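*Asks:* Compact mmCIF, C-alpha atoms, saved as upload25.txt, coming up:
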```
# COMPACT_ATOMS: atom_id res chain seq x y z
CA MET A 475 -113.35 -28.05 -7.34
CA LYS A 476 -110.86 -25.40 -6.28
CA LEU A 477 -109.92 -24.51 -2.74
CA LYS A 478 -111.96 -21.88 -1.00
CA PRO A 479 -110.31 -18.43 -1.31
CA ILE A 480 -109.24 -16.47 1.74
CA SER A 481 -111.85 -14.24 3.29
CA LEU A 482 -111.73 -10.47 3.12
CA GLU A 483 -110.98 -10.30 6.85
CA GLU A 484 -108.02 -12.66 6.44
CA PHE A 485 -106.76 -10.57 3.54
CA LYS A 486 -107.02 -7.35 5.55
CA LYS A 487 -105.04 -8.91 8.40
CA LYS A 488 -102.21 -9.81 6.00
CA ARG A 489 -102.20 -6.33 4.53
CA LYS A 490 -99.48 -3.85 5.55
CA PRO A 491 -100.47 -0.23 6.19
CA ILE A 492 -99.64 2.26 3.44
CA ARG A 493 -96.65 4.47 4.21
CA ASP A 494 -96.85 8.26 4.07
CA VAL A 495 -93.61 8.88 2.20
CA ASN A 496 -93.91 12.67 2.39
CA LYS A 497 -93.93 12.59 6.19
CA GLU A 498 -91.02 10.14 6.25
CA ILE A 499 -88.89 12.35 4.00
CA CYS A 500 -89.74 15.52 5.93
CA SER A 501 -88.90 13.88 9.26
CA GLN A 502 -85.50 12.73 7.94
CA MET A 503 -84.45 16.17 6.65
CA SER A 504 -81.99 18.22 8.64
CA ASN A 505 -82.40 21.94 9.24
CA LEU A 506 -79.75 22.62 6.60
CA ASP A 507 -81.69 20.49 4.11
CA ARG A 508 -84.84 22.49 4.88
CA LEU A 509 -82.91 25.74 4.42
CA ALA A 510 -81.51 24.52 1.09
CA LEU A 511 -85.01 23.57 -0.05
CA MET A 512 -86.46 26.90 1.03
CA ILE A 513 -83.76 28.85 -0.80
CA THR A 514 -84.11 26.61 -3.86
CA ASP A 515 -87.86 27.11 -3.86
CA LYS A 516 -87.54 30.90 -3.60
CA VAL A 517 -84.53 31.45 -5.88
CA GLY A 518 -85.83 29.09 -8.52
CA THR A 519 -88.84 31.28 -9.34
CA ILE A 520 -89.46 33.76 -12.11
CA GLY A 521 -90.37 36.33 -9.45
CA PHE A 522 -86.86 36.21 -8.00
CA PHE A 523 -85.39 36.51 -11.47
CA LEU A 524 -87.58 39.53 -12.22
CA ILE A 525 -86.60 41.23 -8.96
CA ILE A 526 -82.88 40.79 -9.74
CA PHE A 527 -83.40 41.85 -13.35
CA VAL A 528 -85.43 44.97 -12.49
CA TRP A 529 -82.99 45.95 -9.74
CA THR A 530 -80.05 45.57 -12.13
CA VAL A 531 -81.75 47.64 -14.85
CA ILE A 532 -82.66 50.39 -12.36
CA TRP A 533 -79.20 50.37 -10.81
CA LEU A 534 -77.40 50.48 -14.16
CA SER A 535 -79.78 53.08 -15.62
CA TRP A 536 -79.46 55.36 -12.61
CA ASN A 537 -75.67 55.16 -12.54
CA LEU A 538 -75.36 55.67 -16.28
CA LEU A 539 -78.09 58.24 -16.95
CA ALA A 540 -78.41 60.29 -13.75
CA PRO A 541 -76.34 63.44 -13.29
CA PRO A 542 -72.92 62.60 -11.83
CA ALA A 543 -73.78 64.34 -8.57
CA LEU A 544 -76.79 62.01 -8.02
CA GLN A 545 -75.09 58.76 -9.02
CA PHE A 546 -74.53 56.59 -5.94
CA ASP A 547 -71.82 54.39 -7.47
CA PRO A 548 -68.71 55.57 -9.20
CA PRO A 549 -68.13 54.21 -12.70
CA MET A 550 -66.06 51.36 -11.24
CA GLY A 551 -69.16 50.22 -9.33
CA PHE A 552 -70.29 48.31 -12.40
CA VAL A 553 -67.22 46.09 -12.26
CA LEU A 554 -67.85 45.51 -8.55
CA TRP A 555 -71.50 44.66 -9.30
CA LEU A 556 -70.42 42.11 -11.92
CA PHE A 557 -68.01 40.56 -9.44
CA ILE A 558 -70.70 40.35 -6.74
CA SER A 559 -73.21 38.93 -9.23
CA ASN A 560 -70.77 36.24 -10.29
CA LEU A 561 -70.00 35.46 -6.66
CA ILE A 562 -73.71 35.06 -5.91
CA GLN A 563 -74.09 32.75 -8.92
CA ILE A 564 -71.12 30.66 -7.83
CA LEU A 565 -72.62 30.28 -4.35
CA LEU A 566 -76.19 29.64 -5.50
CA MET A 567 -75.41 26.96 -8.08
CA PRO A 568 -74.26 24.31 -5.58
CA LEU A 569 -77.05 25.28 -3.19
CA ILE A 570 -79.64 24.85 -5.92
CA MET A 571 -78.13 21.51 -6.87
CA VAL A 572 -78.34 20.37 -3.24
CA GLY A 573 -82.01 21.32 -3.14
CA GLN A 574 -82.64 19.53 -6.43
CA ASN A 575 -80.94 16.42 -5.10
CA ILE A 576 -83.18 16.48 -2.02
CA GLN A 577 -86.23 16.96 -4.23
CA GLY A 578 -85.03 14.06 -6.41
CA LYS A 579 -84.75 11.79 -3.36
CA HIS A 580 -88.27 12.79 -2.38
CA ALA A 581 -89.53 11.97 -5.88
CA ASP A 582 -87.81 8.58 -5.72
CA ALA A 583 -89.47 7.84 -2.38
CA ARG A 584 -92.88 8.82 -3.79
CA ALA A 585 -92.28 6.53 -6.78
CA GLU A 586 -91.40 3.67 -4.42
CA SER A 587 -94.58 4.31 -2.47
CA ASP A 588 -96.59 4.30 -5.71
CA LEU A 589 -95.04 0.94 -6.58
CA GLU A 590 -96.03 -0.48 -3.17
CA ILE A 591 -99.60 0.75 -3.64
CA ASN A 592 -99.75 -0.77 -7.13
CA ILE A 593 -98.49 -4.11 -5.81
CA LYS A 594 -101.13 -4.06 -3.07
CA ALA A 595 -103.81 -3.22 -5.65
CA GLU A 596 -102.62 -6.13 -7.77
CA ASP A 597 -102.87 -8.47 -4.77
CA GLU A 598 -106.39 -7.24 -4.03
CA ILE A 599 -107.43 -7.74 -7.66
CA GLU A 600 -105.98 -11.23 -7.60
CA VAL A 601 -108.06 -12.07 -4.50
CA ILE A 602 -111.18 -10.67 -6.18
CA LEU A 603 -110.50 -12.68 -9.33
CA HIS A 604 -109.96 -15.78 -7.23
CA HIS A 605 -113.32 -15.17 -5.52
CA LEU A 606 -115.02 -14.70 -8.89
CA GLU A 607 -113.48 -17.88 -10.23
CA TYR A 608 -114.67 -19.74 -7.14
CA GLN A 609 -118.18 -18.32 -7.54
CA ASN A 610 -118.19 -19.32 -11.21
CA SER A 611 -117.27 -22.89 -10.32
CA ILE A 612 -120.11 -22.96 -7.74
CA LEU A 613 -122.60 -21.62 -10.30
CA ILE A 614 -121.50 -24.16 -12.91
CA ALA A 615 -121.81 -26.92 -10.31
CA MET A 616 -125.33 -25.67 -9.44
CA LEU A 617 -126.29 -25.72 -13.12
CA GLY A 618 -124.98 -29.27 -13.33
CA LYS A 619 -127.08 -30.32 -10.32
CA LEU A 620 -130.14 -28.81 -12.02
CA GLY A 621 -129.33 -30.80 -15.17
CA LEU A 622 -128.56 -27.72 -17.27
CA ASN A 623 -125.62 -27.15 -19.60
CA LEU A 624 -123.84 -23.80 -19.32
CA ASP A 625 -123.59 -23.40 -23.10
CA GLU A 626 -127.33 -23.97 -23.49
CA VAL A 627 -128.17 -21.43 -20.76
CA LEU A 628 -125.87 -18.84 -22.34
CA ALA A 629 -127.29 -19.52 -25.81
CA GLU A 630 -130.82 -18.80 -24.50
CA LYS A 631 -129.70 -15.39 -23.18
CA LYS A 632 -128.26 -14.19 -26.51
CA PRO A 633 -130.60 -11.84 -28.46
```
Here is the file; what I need is its structure written in the form of structure tokens.
*Replies:*
Amino acid sequence: MKLKPISLEEFKKKRKPIRDVNKEICSQMSNLDRLALMITDKVGTIGFFLIIFVWTVIWLSWNLLAPPALQFDPPMGFVLWLFISNLIQILLMPLIMVGQNIQGKHADARAESDLEINIKAEDEIEVILHHLEYQNSILIAMLGKLGLNLDEVLAEKKP
């Protein structure tokens, strides 16, 4: 007969607590990381794109179609606007990449946590299977003591 499996209490004592990876990542982030994430979250939305697009269309339309006396930018303003737009893009690209890198690290930590949980679940299932195997051996031994054969008992139960 097999050795008696560990009890549920013994198993729970061996068990490590599950980590909250989200809290760990947030507590390790610097203020600059939080700022980069906030900007990445806001700039990386369709709403931000629409605001910039609508503003650009209004600005260009007004300066091209309004009477010259009401235009607020001289014709060279368009070149300045293109320069400023390109400057903003040049500054935002690295910032967005920094935010994406931070988000990637967070995703990696969550994946690691998922792996730990899966390993713990596998250990728990193994303990349960061990208990079931032990119970089966006890039941088979009980059938033997009663003088019954397992195959005969199972054959009687089939419809």
*Asks:* How many Å lie between CA of Ile492 in chain A and CA of Glu586 in chain A, rounded to one decimal?
*Replies:*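 CA of Ile492 in chain A sits 11.5 Å away from CA of Glu586 in chain A.
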*Asks:* Hey, could you pull the box centre and edge lengths for range 514-519 of chain A, axis-aligned, 8 Å padding per side, all listed atoms, to one decimal in Å, as lines of an AutoDock Vina configuration file?
*Replies:*
```
center_x = -86.5
center_y = 29.0
center_z = -6.5
size_x = 20.7
size_y = 20.8
size_z = 21.7
```
*Asks:* Set out as a Markdown table a contact list for range 541-624 of chain A and range 507-529 of chain A with a cut-off of 10 Å, giving each residue of range 541-624 of chain A that qualifies its closest atom pair and distance in Å to one decimal, counting only C-alpha atoms, ordered by chain and rising residue number.
*Replies:*
```
| residue | atom | partner | partner_atom | distance |
| --- | --- | --- | --- | --- |
| A:Ser559 | CA | A:Ile526 | CA | 9.9 |
| A:Leu566 | CA | A:Val517 | CA | 8.5 |
| A:Met567 | CA | A:Thr514 | CA | 9.7 |
| A:Pro568 | CA | A:Ala510 | CA | 9.9 |
| A:Leu569 | CA | A:Ala510 | CA | 6.2 |
| A:Ile570 | CA | A:Thr514 | CA | 5.2 |
| A:Met571 | CA | A:Thr514 | CA | 8.4 |
| A:Val572 | CA | A:Ala510 | CA | 6.8 |
| A:Gly573 | CA | A:Leu511 | CA | 4.9 |
| A:Gln574 | CA | A:Thr514 | CA | 7.7 |
| A:Asn575 | CA | A:Leu511 | CA | 9.7 |
| A:Ile576 | CA | A:Asp507 | CA | 7.5 |
| A:Gln577 | CA | A:Leu511 | CA | 7.9 |
```
*Asks:* Would you save the residues of that selection, restricted to C-alpha atoms, as a PDB file, keeping the file's coordinate frame?
*Replies:*
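Result went into result_9.pdb, see below:
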```
ATOM      1  CA  SER A 559     -73.210  38.930  -9.230  1.00  0.00           C
ATOM      2  CA  LEU A 566     -76.190  29.640  -5.500  1.00  0.00           C
ATOM      3  CA  MET A 567     -75.410  26.960  -8.080  1.00  0.00           C
ATOM      4  CA  PRO A 568     -74.260  24.310  -5.580  1.00  0.00           C
ATOM      5  CA  LEU A 569     -77.050  25.280  -3.190  1.00  0.00           C
ATOM      6  CA  ILE A 570     -79.640  24.850  -5.920  1.00  0.00           C
ATOM      7  CA  MET A 571     -78.130  21.510  -6.870  1.00  0.00           C
ATOM      8  CA  VAL A 572     -78.340  20.370  -3.240  1.00  0.00           C
ATOM      9  CA  GLY A 573     -82.010  21.320  -3.140  1.00  0.00           C
ATOM     10  CA  GLN A 574     -82.640  19.530  -6.430  1.00  0.00           C
ATOM     11  CA  ASN A 575     -80.940  16.420  -5.100  1.00  0.00           C
ATOM     12  CA  ILE A 576     -83.180  16.480  -2.020  1.00  0.00           C
ATOM     13  CA  GLN A 577     -86.230  16.960  -4.230  1.00  0.00           C
TER      14      GLN A 577
END
```
*Asks:* In Å, rounded to a single decimal, give me how far CA of Phe485 in chain A is from CA of Ile599 in chain A.
*Replies:*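 Going from CA of Ile599 in chain A over to CA of Phe485 in chain A, I get 11.6 Å.
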*Asks:* Interatomic distance between CA of Lys487 in chain A and CA of Asp597 in chain A?
*Replies:*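 Rounded to one decimal, the two atoms are 13.4 Å apart.
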*Asks:* Do you know which residues are at most 10 Å from Asp547 in chain A counting only C-alpha atoms, after dropping those on the same chain fewer than 6 positions away, and could you put them as an NGL selection string?
*Replies:* :A and (533-534 or 536-538 or 554-555)
